[in-house]
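What follows is the content of entry16.cif (mmCIF, C-alpha atoms and all ligand atoms).
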data_data
loop_
_atom_site.label_atom_id
_atom_site.label_comp_id
_atom_site.auth_asym_id
_atom_site.auth_seq_id
_atom_site.Cartn_x
_atom_site.Cartn_y
_atom_site.Cartn_z
CA MET T 2 67.74 112.01 70.38
CA SER T 3 69.21 115.51 70.39
CA THR T 4 71.68 116.98 67.93
CA PHE T 5 74.47 115.75 70.17
CA GLN T 6 75.81 112.37 71.15
CA ALA T 7 78.35 111.25 73.73
CA PRO T 8 81.85 111.81 72.28
CA LYS T 9 83.54 108.92 70.50
CA GLY T 10 84.88 106.30 72.90
CA THR T 11 82.61 107.40 75.75
CA TYR T 12 79.21 106.33 76.94
CA ASP T 13 76.68 107.48 79.49
CA LEU T 14 75.66 105.58 82.55
CA THR T 15 71.92 105.61 82.89
CA PRO T 16 69.46 103.77 85.13
CA PRO T 17 69.06 100.90 85.66
CA ARG T 18 72.58 99.82 84.57
CA SER T 19 74.18 102.74 86.41
CA ALA T 20 73.18 101.16 89.73
CA THR T 21 75.49 98.25 88.97
CA PHE T 22 78.40 100.67 88.52
CA LEU T 23 77.76 102.20 91.92
CA ALA T 24 77.54 98.76 93.48
CA VAL T 25 80.81 97.68 91.85
CA ARG T 26 82.60 100.78 93.12
CA GLU T 27 81.23 100.12 96.58
CA ALA T 28 82.22 96.43 96.48
CA ILE T 29 85.80 97.35 95.59
CA ALA T 30 85.99 100.16 98.14
CA ALA T 31 84.51 98.27 101.09
CA PRO T 32 87.44 95.87 101.75
CA LEU T 33 89.85 98.81 101.44
CA ARG T 34 87.98 100.96 103.95
CA ASP T 35 87.89 97.99 106.31
CA SER T 36 91.66 97.61 106.00
CA GLY T 37 92.82 101.07 106.98
CA TYR T 38 92.76 102.80 103.60
CA GLY T 39 91.62 106.44 103.72
CA TYR T 40 89.75 108.11 100.88
CA ILE T 41 91.62 110.55 98.65
CA GLU T 42 90.38 112.70 95.80
CA THR T 43 92.63 114.57 93.40
CA PRO T 44 91.86 116.87 90.44
CA GLY T 45 90.82 115.43 87.09
CA PHE T 46 93.81 117.12 85.48
CA GLU T 47 97.43 117.60 86.46
CA ASN T 48 100.53 119.26 85.19
CA VAL T 49 101.44 117.23 82.10
CA GLU T 50 105.01 116.86 83.36
CA LEU T 51 103.82 114.75 86.31
CA PHE T 52 102.66 112.00 83.97
CA ALA T 53 105.58 112.38 81.57
CA ARG T 54 108.01 111.83 84.43
CA GLY T 55 105.92 109.42 86.44
CA VAL T 56 104.22 107.16 83.93
CA GLY T 57 107.17 107.39 81.52
CA GLU T 58 108.15 109.34 78.40
CA SER T 59 108.26 106.20 76.28
CA THR T 60 104.93 104.67 77.23
CA ASP T 61 101.92 104.64 74.92
CA ILE T 62 99.96 106.38 77.64
CA VAL T 63 102.22 109.43 77.55
CA THR T 64 103.26 109.50 73.89
CA LYS T 65 99.93 108.73 72.26
CA GLU T 66 97.05 108.63 74.68
CA MET T 67 97.11 111.74 76.83
CA TYR T 68 94.52 114.46 76.50
CA THR T 69 96.74 117.51 76.87
CA LEU T 70 95.71 121.11 76.86
CA THR T 71 97.19 124.53 77.28
CA THR T 72 95.17 126.81 79.53
CA LYS T 73 94.51 130.45 78.77
CA GLY T 74 97.14 131.16 81.40
CA GLY T 75 99.68 129.06 79.50
CA ASP T 76 99.78 126.03 81.83
CA GLN T 77 100.36 122.66 80.19
CA LEU T 78 97.85 120.25 81.67
CA ALA T 79 96.69 116.72 80.96
CA LEU T 80 93.47 114.95 81.86
CA ARG T 81 94.63 112.20 84.19
CA PRO T 82 95.28 108.94 82.32
CA GLU T 83 95.81 107.00 85.57
CA GLY T 84 95.68 107.54 89.31
CA THR T 85 98.95 106.57 90.94
CA ALA T 86 101.10 109.55 89.95
CA SER T 87 98.40 112.01 91.09
CA VAL T 88 97.80 110.25 94.39
CA LEU T 89 101.50 110.14 95.19
CA ARG T 90 101.86 113.79 94.18
CA ALA T 91 98.99 114.72 96.50
CA ALA T 92 100.30 112.62 99.39
CA LEU T 93 103.71 114.28 99.11
CA GLU T 94 102.16 117.73 98.82
CA ALA T 95 100.13 117.16 101.99
CA ASN T 96 103.16 115.64 103.73
CA LEU T 97 101.11 112.57 104.63
CA HIS T 98 104.31 110.54 104.67
CA LYS T 99 105.72 112.74 107.43
CA ALA T 100 102.85 112.18 109.84
CA GLY T 101 104.80 109.23 111.26
CA ASN T 102 102.39 106.56 110.18
CA LEU T 103 103.75 104.53 107.29
CA PRO T 104 102.53 103.15 105.06
CA VAL T 105 100.12 105.89 104.03
CA LYS T 106 97.19 103.81 102.78
CA LEU T 107 94.81 105.54 100.38
CA TRP T 108 91.95 104.58 98.11
CA TYR T 109 90.29 106.54 95.34
CA SER T 110 87.56 106.32 92.75
CA GLY T 111 87.15 108.39 89.63
CA SER T 112 87.27 109.06 85.91
CA TYR T 113 90.35 108.55 83.73
CA TYR T 114 91.02 109.55 80.16
CA ARG T 115 93.07 107.95 77.43
CA TYR T 116 92.94 108.73 73.75
CA GLU T 117 92.81 105.09 72.68
CA ARG T 118 91.22 103.36 69.71
CA PRO T 119 87.79 102.56 71.10
CA GLN T 120 86.55 98.98 71.08
CA ALA T 121 84.56 96.71 73.37
CA GLY T 122 85.98 97.24 76.87
CA ARG T 123 88.30 100.02 75.77
CA TYR T 124 87.07 103.56 76.10
CA ARG T 125 88.46 107.07 76.10
CA HIS T 126 86.76 107.83 79.35
CA PHE T 127 86.64 105.05 81.92
CA SER T 128 86.41 104.68 85.62
CA GLN T 129 88.67 103.06 88.18
CA VAL T 130 88.79 102.37 91.87
CA GLY T 131 92.36 102.26 93.10
CA ALA T 132 94.46 101.77 96.20
CA GLU T 133 97.96 102.88 97.06
CA ALA T 134 100.13 102.02 100.07
CA ILE T 135 102.93 104.54 100.25
CA GLY T 136 106.25 104.49 102.07
CA THR T 137 106.81 100.89 103.10
CA GLU T 138 108.71 98.02 101.57
CA ASP T 139 107.13 94.89 102.95
CA PRO T 140 105.95 91.84 101.00
CA VAL T 141 102.97 91.60 103.34
CA LEU T 142 101.74 94.90 101.92
CA ASP T 143 101.96 93.64 98.33
CA ALA T 144 100.09 90.52 99.40
CA GLU T 145 97.47 92.55 101.28
CA LEU T 146 96.58 94.56 98.20
CA ILE T 147 96.30 91.51 95.94
CA ILE T 148 94.20 89.71 98.55
CA LEU T 149 91.86 92.72 98.91
CA ALA T 150 91.31 92.95 95.15
CA ASP T 151 90.62 89.23 95.05
CA GLN T 152 88.18 89.63 97.95
CA ALA T 153 86.42 92.50 96.16
CA TYR T 154 85.95 90.50 92.96
CA ARG T 155 84.77 87.46 94.89
CA SER T 156 82.28 89.53 96.88
CA LEU T 157 80.72 90.48 93.54
CA GLY T 158 80.41 86.81 92.68
CA LEU T 159 83.09 86.84 89.98
CA ARG T 160 84.86 83.53 89.48
CA GLN T 161 86.33 83.48 85.98
CA PHE T 162 89.22 85.78 86.71
CA ARG T 163 92.87 84.91 87.06
CA ILE T 164 95.70 86.68 88.81
CA LEU T 165 98.94 86.99 86.86
CA LEU T 166 102.02 87.69 88.95
CA ASN T 167 105.57 88.71 88.13
CA SER T 168 108.56 90.52 89.54
CA LEU T 169 110.27 93.22 87.50
CA GLY T 170 113.37 93.42 89.69
CA ASP T 171 114.77 96.60 91.17
CA LYS T 172 117.36 99.22 90.37
CA GLU T 173 120.14 96.71 91.03
CA CYS T 174 119.14 93.84 88.81
CA ARG T 175 116.80 95.30 86.22
CA PRO T 176 119.48 97.34 84.37
CA VAL T 177 121.57 94.18 83.93
CA TYR T 178 118.59 92.36 82.49
CA ARG T 179 117.64 95.33 80.36
CA GLU T 180 121.01 95.24 78.65
CA ALA T 181 120.88 91.50 78.05
CA LEU T 182 117.39 91.90 76.59
CA GLN T 183 118.45 94.78 74.36
CA THR T 184 121.35 92.74 72.97
CA PHE T 185 118.92 89.93 72.16
CA LEU T 186 116.27 92.18 70.65
CA ARG T 187 118.64 94.12 68.39
CA ASP T 188 119.25 90.93 66.38
CA LEU T 189 115.57 90.36 65.62
CA ASP T 190 113.62 91.30 62.53
CA LEU T 191 111.51 94.20 63.80
CA ASP T 192 109.95 97.35 62.40
CA GLU T 193 111.37 100.83 62.93
CA GLU T 194 109.11 101.81 65.82
CA THR T 195 109.80 98.61 67.74
CA ARG T 196 113.53 99.12 67.15
CA ARG T 197 113.23 102.53 68.76
CA ARG T 198 111.38 100.96 71.64
CA ILE T 199 114.27 98.54 72.20
CA GLU T 200 116.47 101.50 73.01
CA ILE T 201 114.00 103.38 75.19
CA ASN T 202 112.00 100.68 76.93
CA PRO T 203 112.96 97.16 75.85
CA LEU T 204 110.71 95.42 78.39
CA ARG T 205 107.71 96.83 76.58
CA VAL T 206 108.68 94.86 73.48
CA LEU T 207 107.90 91.69 75.45
CA ASP T 208 104.38 93.05 75.76
CA ASP T 209 103.92 93.28 71.97
CA LYS T 210 100.67 91.61 71.01
CA ARG T 211 101.62 90.73 67.41
CA ALA T 212 102.11 87.03 66.73
CA ASP T 213 105.14 87.51 64.45
CA VAL T 214 106.86 89.46 67.21
CA GLN T 215 105.90 87.01 69.92
CA LYS T 216 107.30 84.14 67.82
CA GLN T 217 110.71 85.75 67.82
CA LEU T 218 110.63 86.27 71.57
CA THR T 219 110.54 82.62 72.57
CA ASP T 220 114.21 82.53 73.49
CA ALA T 221 114.41 86.03 74.93
CA PRO T 222 116.35 86.22 78.18
CA LYS T 223 114.03 85.86 81.15
CA LEU T 224 113.94 88.47 83.88
CA ARG T 225 113.52 85.69 86.40
CA ASP T 226 117.06 84.50 85.66
CA TYR T 227 118.41 87.96 86.37
CA LEU T 228 116.63 88.83 89.63
CA CYS T 229 119.04 89.69 92.44
CA ASP T 230 118.82 87.71 95.67
CA ALA T 231 116.90 90.45 97.48
CA CYS T 232 114.26 90.62 94.73
CA LYS T 233 114.02 86.85 94.55
CA ALA T 234 113.50 86.54 98.31
CA TYR T 235 110.93 89.36 98.26
CA HIS T 236 109.00 87.75 95.44
CA GLU T 237 109.06 84.34 97.10
CA GLU T 238 107.62 85.89 100.23
CA VAL T 239 104.76 87.54 98.31
CA ARG T 240 103.99 84.25 96.61
CA ALA T 241 104.05 82.34 99.91
CA LEU T 242 101.73 84.88 101.56
CA LEU T 243 99.22 84.64 98.72
CA THR T 244 99.29 80.88 98.84
CA ALA T 245 98.80 80.93 102.62
CA ALA T 246 95.76 83.18 102.08
CA GLY T 247 94.33 80.71 99.60
CA VAL T 248 94.64 83.15 96.72
CA VAL T 249 95.42 81.36 93.49
CA TYR T 250 97.76 83.10 91.03
CA GLU T 251 99.77 82.27 87.94
CA ASP T 252 103.40 83.20 87.46
CA ASP T 253 103.64 85.19 84.26
CA GLU T 254 107.15 86.30 83.41
CA LYS T 255 105.93 88.19 80.35
CA LEU T 256 103.84 90.52 82.47
CA VAL T 257 105.53 93.91 82.22
CA ARG T 258 102.57 96.35 82.29
CA GLY T 259 102.34 99.53 80.29
CA LEU T 260 103.71 101.99 82.81
CA ASP T 261 107.38 102.64 83.50
CA TYR T 262 107.29 103.12 87.23
CA TYR T 263 106.85 99.53 88.30
CA THR T 264 109.52 97.63 90.24
CA ARG T 265 109.47 94.18 91.80
CA THR T 266 105.91 92.90 92.27
CA THR T 267 103.59 93.42 89.31
CA PHE T 268 100.25 91.77 88.81
CA GLU T 269 97.20 91.85 86.65
CA PHE T 270 93.68 90.53 87.10
CA VAL T 271 92.40 89.14 83.82
CA HIS T 272 88.91 87.90 83.06
CA ASP T 273 88.40 85.15 80.55
CA GLY T 274 85.00 86.33 79.33
CA LEU T 275 86.13 89.67 77.94
CA GLY T 276 87.93 88.95 74.69
CA SER T 277 90.99 91.03 73.86
CA GLN T 278 90.53 93.67 76.58
CA SER T 279 90.80 91.05 79.29
CA ALA T 280 92.64 93.03 82.00
CA VAL T 281 90.11 94.06 84.61
CA GLY T 282 92.71 95.45 86.97
CA GLY T 283 96.38 95.70 87.60
CA GLY T 284 99.09 97.12 89.71
CA GLY T 285 102.39 96.61 91.41
CA ARG T 286 105.22 98.09 93.37
CA TYR T 287 106.66 101.43 92.36
CA ASP T 288 109.63 102.01 94.63
CA GLY T 289 111.22 104.68 92.45
CA LEU T 290 108.21 106.80 91.50
CA SER T 291 108.44 109.25 94.39
CA GLU T 292 111.99 110.15 93.48
CA MET T 293 111.04 110.35 89.80
CA ILE T 294 108.59 113.13 90.63
CA GLY T 295 111.01 114.95 92.93
CA GLY T 296 110.02 113.39 96.27
CA PRO T 297 111.99 111.41 98.85
CA GLU T 298 112.58 107.67 98.65
CA LEU T 299 109.19 106.10 99.36
CA PRO T 300 108.79 102.50 98.30
CA SER T 301 105.11 101.94 97.52
CA VAL T 302 102.64 99.52 96.02
CA GLY T 303 99.16 99.88 94.58
CA TRP T 304 96.55 98.82 92.07
CA ALA T 305 93.68 100.13 90.01
CA LEU T 306 90.64 98.10 89.05
CA GLY T 307 88.61 99.12 86.04
CA VAL T 308 84.94 99.61 86.91
CA ASP T 309 83.73 99.43 83.28
CA ARG T 310 85.43 96.11 82.63
CA THR T 311 84.38 94.72 85.98
CA VAL T 312 80.76 95.39 85.00
CA LEU T 313 81.41 93.72 81.63
CA ALA T 314 82.89 90.76 83.52
CA LEU T 315 79.75 90.49 85.64
CA GLU T 316 77.65 90.51 82.48
CA ALA T 317 79.94 87.91 80.87
CA GLU T 318 79.42 85.61 83.85
CA GLY T 319 75.69 86.28 83.86
CA ILE T 320 75.86 87.70 87.38
CA GLU T 321 73.02 89.98 88.41
CA LEU T 322 73.84 91.83 91.58
CA ASP T 323 71.17 91.73 94.21
CA LEU T 324 70.34 95.42 94.10
CA PRO T 325 67.36 96.21 96.31
CA TYR T 326 64.78 98.59 94.92
CA THR T 327 65.41 102.00 96.32
CA THR T 328 61.78 103.05 96.72
CA SER T 329 59.79 101.46 99.56
CA VAL T 330 56.61 103.48 99.35
CA TYR T 331 54.87 105.04 96.35
CA ALA T 332 52.15 107.61 96.89
CA VAL T 333 49.26 108.02 94.45
CA PRO T 334 47.05 111.08 95.04
CA LEU T 335 43.65 111.35 93.38
CA GLY T 336 42.72 115.02 93.13
CA GLU T 337 44.12 118.39 94.17
CA GLU T 338 43.53 118.11 97.91
CA ALA T 339 44.96 114.60 98.04
CA ARG T 340 48.02 115.82 96.19
CA ARG T 341 48.86 118.34 98.90
CA VAL T 342 48.11 115.96 101.75
CA LEU T 343 49.94 112.94 100.32
CA PHE T 344 52.95 115.01 99.36
CA GLY T 345 53.09 116.05 103.02
CA VAL T 346 52.97 112.39 104.02
CA VAL T 347 55.79 111.55 101.59
CA THR T 348 57.93 114.38 102.92
CA GLY T 349 57.36 113.09 106.46
CA LEU T 350 58.24 109.53 105.45
CA ARG T 351 61.44 110.70 103.80
CA ARG T 352 62.44 112.67 106.88
CA ALA T 353 61.82 109.55 108.92
CA GLY T 354 64.25 107.65 106.67
CA ILE T 355 61.66 105.75 104.63
CA ALA T 356 62.38 105.84 100.88
CA ALA T 357 59.27 107.22 99.21
CA ASP T 358 58.28 108.46 95.78
CA PHE T 359 55.21 110.22 94.41
CA ALA T 360 53.01 110.14 91.31
CA PHE T 361 53.66 113.59 89.89
CA GLY T 362 51.68 115.37 87.26
CA GLY T 363 48.18 114.62 88.49
CA ARG T 364 47.85 111.31 86.65
CA GLY T 365 44.94 108.91 86.77
CA LEU T 366 44.85 105.89 89.07
CA LYS T 367 45.72 103.33 86.42
CA GLY T 368 48.82 105.05 85.05
CA ALA T 369 50.00 106.01 88.52
CA MET T 370 49.68 102.42 89.79
CA LYS T 371 51.77 101.28 86.84
CA SER T 372 54.50 103.65 87.96
CA ALA T 373 54.13 102.36 91.51
CA ASN T 374 54.71 98.85 90.18
CA ARG T 375 57.71 99.86 88.13
CA SER T 376 59.29 101.63 91.09
CA GLY T 377 59.52 98.30 92.90
CA ALA T 378 57.92 99.87 95.99
CA ARG T 379 56.64 97.39 98.54
CA TYR T 380 53.70 99.62 99.46
CA ALA T 381 51.48 102.09 97.68
CA LEU T 382 49.56 104.85 99.40
CA VAL T 383 46.38 105.87 97.60
CA ALA T 384 44.03 108.66 98.69
CA GLY T 385 41.03 110.39 97.13
CA GLU T 386 38.52 112.95 98.35
CA ARG T 387 36.47 110.39 100.25
CA ASP T 388 39.51 108.95 102.07
CA LEU T 389 40.58 112.41 103.12
CA ALA T 390 37.10 113.20 104.39
CA GLU T 391 37.42 110.14 106.62
CA GLY T 392 40.98 111.06 107.60
CA VAL T 393 42.49 107.90 106.13
CA VAL T 394 44.67 106.71 103.25
CA GLN T 395 44.54 103.35 101.53
CA LEU T 396 47.70 101.34 102.20
CA LYS T 397 48.25 98.69 99.55
CA ASP T 398 50.70 95.83 99.91
CA MET T 399 52.06 95.53 96.36
CA GLU T 400 53.11 91.92 96.88
CA SER T 401 49.90 90.46 98.29
CA GLY T 402 47.55 93.02 96.77
CA GLU T 403 45.94 93.47 100.21
CA GLN T 404 44.61 96.91 100.96
CA SER T 405 43.50 98.56 104.18
CA ALA T 406 42.55 102.02 105.39
CA VAL T 407 45.03 103.59 107.79
CA PRO T 408 44.42 106.85 109.66
CA LEU T 409 46.56 109.66 108.24
CA THR T 410 48.15 110.27 111.59
CA GLU T 411 49.33 106.66 111.83
CA VAL T 412 50.65 106.09 108.31
CA ALA T 413 54.29 106.78 109.13
CA ALA T 414 54.31 104.57 112.21
CA GLU T 415 52.46 101.76 110.40
CA LEU T 416 54.89 101.82 107.47
CA ALA T 417 57.90 101.97 109.76
CA LYS T 418 56.57 98.90 111.56
CA ARG T 419 55.82 96.97 108.34
CA LEU T 420 59.12 97.81 106.71
CA GLY T 421 61.00 96.75 109.81
P1 LIG F 501 96.20 100.25 83.71
O1 LIG F 501 96.54 101.47 84.50
O2 LIG F 501 96.39 100.44 82.25
O3 LIG F 501 96.80 99.01 84.22
O4 LIG F 501 94.63 100.10 83.90
C1 LIG F 501 94.06 99.53 85.05
C2 LIG F 501 92.68 99.06 84.70
O5 LIG F 501 91.91 100.15 84.23
C3 LIG F 501 92.64 98.07 83.55
O6 LIG F 501 92.84 96.77 84.01
C4 LIG F 501 91.24 98.28 83.00
O7 LIG F 501 90.28 97.57 83.75
C5 LIG F 501 91.03 99.74 83.21
N1 LIG F 501 91.32 100.46 81.96
C6 LIG F 501 92.48 100.96 81.53
N2 LIG F 501 92.34 101.57 80.34
C7 LIG F 501 91.05 101.46 80.00
C8 LIG F 501 90.26 101.89 78.89
N3 LIG F 501 90.79 102.57 77.87
N4 LIG F 501 88.93 101.59 78.88
C9 LIG F 501 88.38 100.90 79.90
N5 LIG F 501 89.07 100.48 80.97
C10 LIG F 501 90.38 100.75 81.03
#
Spit out the file's structure as structure tokens when you get a sec.
Amino acid sequence: MSTFQAPKGTYDLTPPRSATFLAVREAIAAPLRDSGYGYIETPGFENVELFARGVGESTDIVTKEMYTLTTKGGDQLALRPEGTASVLRAALEANLHKAGNLPVKLWYSGSYYRYERPQAGRYRHFSQVGAEAIGTEDPVLDAELIILADQAYRSLGLRQFRILLNSLGDKECRPVYREALQTFLRDLDLDEETRRRIEINPLRVLDDKRADVQKQLTDAPKLRDYLCDACKAYHEEVRALLTAAGVVYEDDEKLVRGLDYYTRTTFEFVHDGLGSQSAVGGGGRYDGLSEMIGGPELPSVGWALGVDRTVLALEAEGIELDLPYTTSVYAVPLGEEARRVLFGVVTGLRRAGIAADFAFGGRGLKGAMKSANRSGARYALVAGERDLAEGVVQLKDMESGEQSAVPLTEVAAELAKRLG
């Protein structure tokens, strides 16, 4: 231990657990890449105004959870608390939407920052893989994204997750509902902060986790009863497409999500083995976001899946990913001369695409063979003075224990053959 520790609410990813994180990112990204989504990377920080306008002035994310900073040059920046606003900003800046190929389909992977109260599954630094489909209003696109997330989770072996689905209406019908909800909420017995929330963002009150609040919400007007015909038809189509794809979901009319930009389709993936931080991923349609950040009208839909919580979900289900050992060959030199020669062999193997590692530090046979074992390598190469004098190395099969002398000049070819 040094004088320093990882900051509160953060943790380090170290081997071997870190390999699972990489595999999870890859499992989520693979179906996206195979479905026409291109990779995008944006800066870790943005102009704070982008999030204030995009995510919403009244959301917890913007009011309480953003890491903001003023640069020496006087710029007001924020570490990104989420990905959608940045990705849309970048797509607009690069004019991707004008290239004549809508929707613009993008995927990303990275670190996000929220100043939250840390607890199991909730961190101040976490990692997401996300997808956005920009510029098209088509229920098939909403369905595609939900199906791809479902496919990603299933490919990891996850089973105990559920998909919650809702529609938040659009700019026609949501204001009407909003007013009806506000009228209802104003009559309830609520604290000062929640009363303020009624005026700024009443839908968020539905999301309140406190039991005494939830009890009063039983008879709250339901958004479903206020959806306009266009929103209803759109939502029905999304539901039908999911059903046709064999993707099981639950209608959840309380699902409002913590970001202001959502319209119509919203969804969340929840995992039942995670306790209170059960949302492993979420997303929805955000038809108005582009205009909110000064862009043209570009109806879009997307999601972000949390990598940290997905790993916790794997652990909760007792799933161990089949992660092959990365090292195939482990070289153990005995003596100075052998060290030079075997290191040359290892370099050659690596250049030939065979994963190889080396016993550094001039260690004895016993300790070095222990490391060879731990590395998971299928083969060990051992050589001492006498082997070198005969121009051979000892090739040991770590599974069977069998050992044979192989001429130095043939080691690479022999290993290539054995490793297939
Ligand atoms: P959100 O943008 O809040 O819907 O977040 C999308 C996903 O990111 C969530 O479902 C979580 O898996 C993950 N996530 C969000 N906030 C955190 C956090 N503070 N710690 C860990 N994961 C998070």
| task | Could you give me the residues within 9 Å of ligand LIG 501 (chain F), counting all atoms listed in the file, as an MDAnalysis selection string? | result | chainID T and resid 10 62 82:85 113:131 258:260 269:271 278:284 304:311
| Taking only C-alpha atoms into account, which of T:Ala378, T:Ala7, T:Val407, T:Leu299 comes nearest T:Pro104? |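 Looking at the shortest contact to T:Pro104, the residue is T:Leu299.
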So that I can see what lies close to T:Leu204, please list as a PDB file with C-alpha atoms, keeping the file's coordinate frame the residues with an atom at most 12 Å from it, counting all atoms listed in the file and leaving out residues fewer than 2 positions away in the same chain.
ATOM      1  CA  SER T  59     108.260 106.200  76.280  1.00  0.00           C
ATOM      2  CA  THR T  60     104.930 104.670  77.230  1.00  0.00           C
ATOM      3  CA  LEU T 169     110.270  93.220  87.500  1.00  0.00           C
ATOM      4  CA  GLY T 170     113.370  93.420  89.690  1.00  0.00           C
ATOM      5  CA  ARG T 175     116.800  95.300  86.220  1.00  0.00           C
ATOM      6  CA  PRO T 176     119.480  97.340  84.370  1.00  0.00           C
ATOM      7  CA  TYR T 178     118.590  92.360  82.490  1.00  0.00           C
ATOM      8  CA  ARG T 179     117.640  95.330  80.360  1.00  0.00           C
ATOM      9  CA  GLU T 180     121.010  95.240  78.650  1.00  0.00           C
ATOM     10  CA  ALA T 181     120.880  91.500  78.050  1.00  0.00           C
ATOM     11  CA  LEU T 182     117.390  91.900  76.590  1.00  0.00           C
ATOM     12  CA  GLN T 183     118.450  94.780  74.360  1.00  0.00           C
ATOM     13  CA  PHE T 185     118.920  89.930  72.160  1.00  0.00           C
ATOM     14  CA  LEU T 186     116.270  92.180  70.650  1.00  0.00           C
ATOM     15  CA  THR T 195     109.800  98.610  67.740  1.00  0.00           C
ATOM     16  CA  ARG T 198     111.380 100.960  71.640  1.00  0.00           C
ATOM     17  CA  ILE T 199     114.270  98.540  72.200  1.00  0.00           C
ATOM     18  CA  GLU T 200     116.470 101.500  73.010  1.00  0.00           C
ATOM     19  CA  ILE T 201     114.000 103.380  75.190  1.00  0.00           C
ATOM     20  CA  ASN T 202     112.000 100.680  76.930  1.00  0.00           C
ATOM     21  CA  VAL T 206     108.680  94.860  73.480  1.00  0.00           C
ATOM     22  CA  LEU T 207     107.900  91.690  75.450  1.00  0.00           C
ATOM     23  CA  ASP T 208     104.380  93.050  75.760  1.00  0.00           C
ATOM     24  CA  ASP T 209     103.920  93.280  71.970  1.00  0.00           C
ATOM     25  CA  LEU T 218     110.630  86.270  71.570  1.00  0.00           C
ATOM     26  CA  ALA T 221     114.410  86.030  74.930  1.00  0.00           C
ATOM     27  CA  PRO T 222     116.350  86.220  78.180  1.00  0.00           C
ATOM     28  CA  LYS T 223     114.030  85.860  81.150  1.00  0.00           C
ATOM     29  CA  LEU T 224     113.940  88.470  83.880  1.00  0.00           C
ATOM     30  CA  GLU T 254     107.150  86.300  83.410  1.00  0.00           C
ATOM     31  CA  LYS T 255     105.930  88.190  80.350  1.00  0.00           C
ATOM     32  CA  LEU T 256     103.840  90.520  82.470  1.00  0.00           C
ATOM     33  CA  VAL T 257     105.530  93.910  82.220  1.00  0.00           C
ATOM     34  CA  ARG T 258     102.570  96.350  82.290  1.00  0.00           C
ATOM     35  CA  GLY T 259     102.340  99.530  80.290  1.00  0.00           C
ATOM     36  CA  LEU T 260     103.710 101.990  82.810  1.00  0.00           C
ATOM     37  CA  ASP T 261     107.380 102.640  83.500  1.00  0.00           C
ATOM     38  CA  TYR T 263     106.850  99.530  88.300  1.00  0.00           C
TER      39      TYR T 263
END
| Shortest interatomic distance to T:Trp108 - which of T:Leu33, T:Leu389, T:Leu51, T:Ile355, counting all atoms listed in the file |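 Of the candidates, the smallest distance to T:Trp108 is held by T:Leu33.
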| request: Determine, counting only C-alpha atoms, every residue of protein, DNA or RNA that lies within 7 Å of (106.9, 112.3, 76.4) in the file coordinates, then give the result as a PyMOL selection string. | output: chain T and resi 53+58-59+63-64
Store the residues picked out above, limited to C-alpha atoms, as a JSON list (two decimals), in the coordinates of the input.
[["chain", "number", "residue", "atom", "x", "y", "z"],
["T", 53, "ALA", "CA", 105.58, 112.38, 81.57],
["T", 58, "GLU", "CA", 108.15, 109.34, 78.40],
["T", 59, "SER", "CA", 108.26, 106.20, 76.28],
["T", 63, "VAL", "CA", 102.22, 109.43, 77.55],
["T", 64, "THR", "CA", 103.26, 109.50, 73.89]]
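The coordinates place atom CA of T:Leu420 at 18.8 Å from atom CA of T:Leu343.
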| Between atom CA of T:Arg163 and atom CA of T:Pro203, what is the distance, to one decimal in Å? |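 Separation between atom CA of T:Arg163 and atom CA of T:Pro203: 26.1 Å.
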| field | Which residue of T:Cys174, T:Ala406, T:Ala100, T:Ile294 approaches T:Ser87 most closely, using only C-alpha atoms | value |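 Among the listed residues, T:Ile294 lies closest to T:Ser87.
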| said: Applying 12 Å and all atoms listed in the file, which residues near T:Glu298 remain after dropping the ones on its own chain fewer than 3 positions away? List them as a list in words. | reply: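 The residues that qualify are Leu89, Leu93, His98, Ile135, Gly136, Thr137, Glu138, Tyr287, Asp288, Gly289, Leu290, Ser291, Glu292, Met293, Ile294, Gly295 and Ser301 of chain T.
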| Radius query 8 Å about (43.8, 111.6, 104.6), atoms used: only C-alpha atoms, as a VMD selection string | chain T and resid 339 342 to 343 384 388 to 394 408 to 409
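Atom CA of T:Val105 sits 5.5 Å away from atom CA of T:Ala134.
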| Best match for closeness to T:Gly57 among T:Ser405, T:Asp139, T:Ala86, T:Phe268, counting all atoms listed in the file |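 Closest candidate: T:Ala86.
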What are the centre and the three edge lengths of an axis-aligned box that wraps all atoms of stretch 333-343 of chain T in the file, given that 3 Å is added to every side, written as JSON and rounded to one decimal in Å?
{"center_x": 46.3, "center_y": 113.2, "center_z": 97.4, "size_x": 13.2, "size_y": 16.4, "size_z": 14.6}
With all atoms listed in the file counted and 10 Å as the cut-off, give the residues of stretch 318-347 of chain T in contact with stretch 361-370 of chain T, each with its shortest interatomic distance in Å and the pair that gives it, as a tab-separated table.
residue	atom	partner	partner_atom	distance
T:Tyr331	CA	T:Met370	CA	8.8
T:Ala332	CA	T:Ala369	CA	8.8
T:Val333	CA	T:Ala369	CA	6.3
T:Pro334	CA	T:Gly363	CA	7.5
T:Leu335	CA	T:Leu366	CA	7.1
T:Gly336	CA	T:Gly363	CA	7.2
T:Glu337	CA	T:Gly363	CA	7.9
T:Arg340	CA	T:Gly363	CA	7.8
T:Phe344	CA	T:Phe361	CA	9.6
Sorted per-residue table, stretch 9-99 of chain T near stretch 151-155 of chain T, closest atoms and distance, 12 Å, all atoms listed in the file, as a Markdown table:
| residue | atom | partner | partner_atom | distance |
| --- | --- | --- | --- | --- |
| T:Ala24 | CA | T:Ala153 | CA | 11.2 |
| T:Val25 | CA | T:Ala153 | CA | 8.8 |
| T:Arg26 | CA | T:Ala153 | CA | 9.6 |
| T:Glu27 | CA | T:Ala153 | CA | 9.2 |
| T:Ala28 | CA | T:Ala153 | CA | 5.8 |
| T:Ile29 | CA | T:Ala153 | CA | 4.9 |
| T:Ala30 | CA | T:Ala153 | CA | 7.9 |
| T:Ala31 | CA | T:Ala153 | CA | 7.8 |
| T:Pro32 | CA | T:Ala153 | CA | 6.6 |
| T:Leu33 | CA | T:Ala153 | CA | 8.9 |
| T:Arg34 | CA | T:Ala153 | CA | 11.6 |
| T:Asp35 | CA | T:Ala153 | CA | 11.6 |
| T:Ser36 | CA | T:Gln152 | CA | 11.9 |
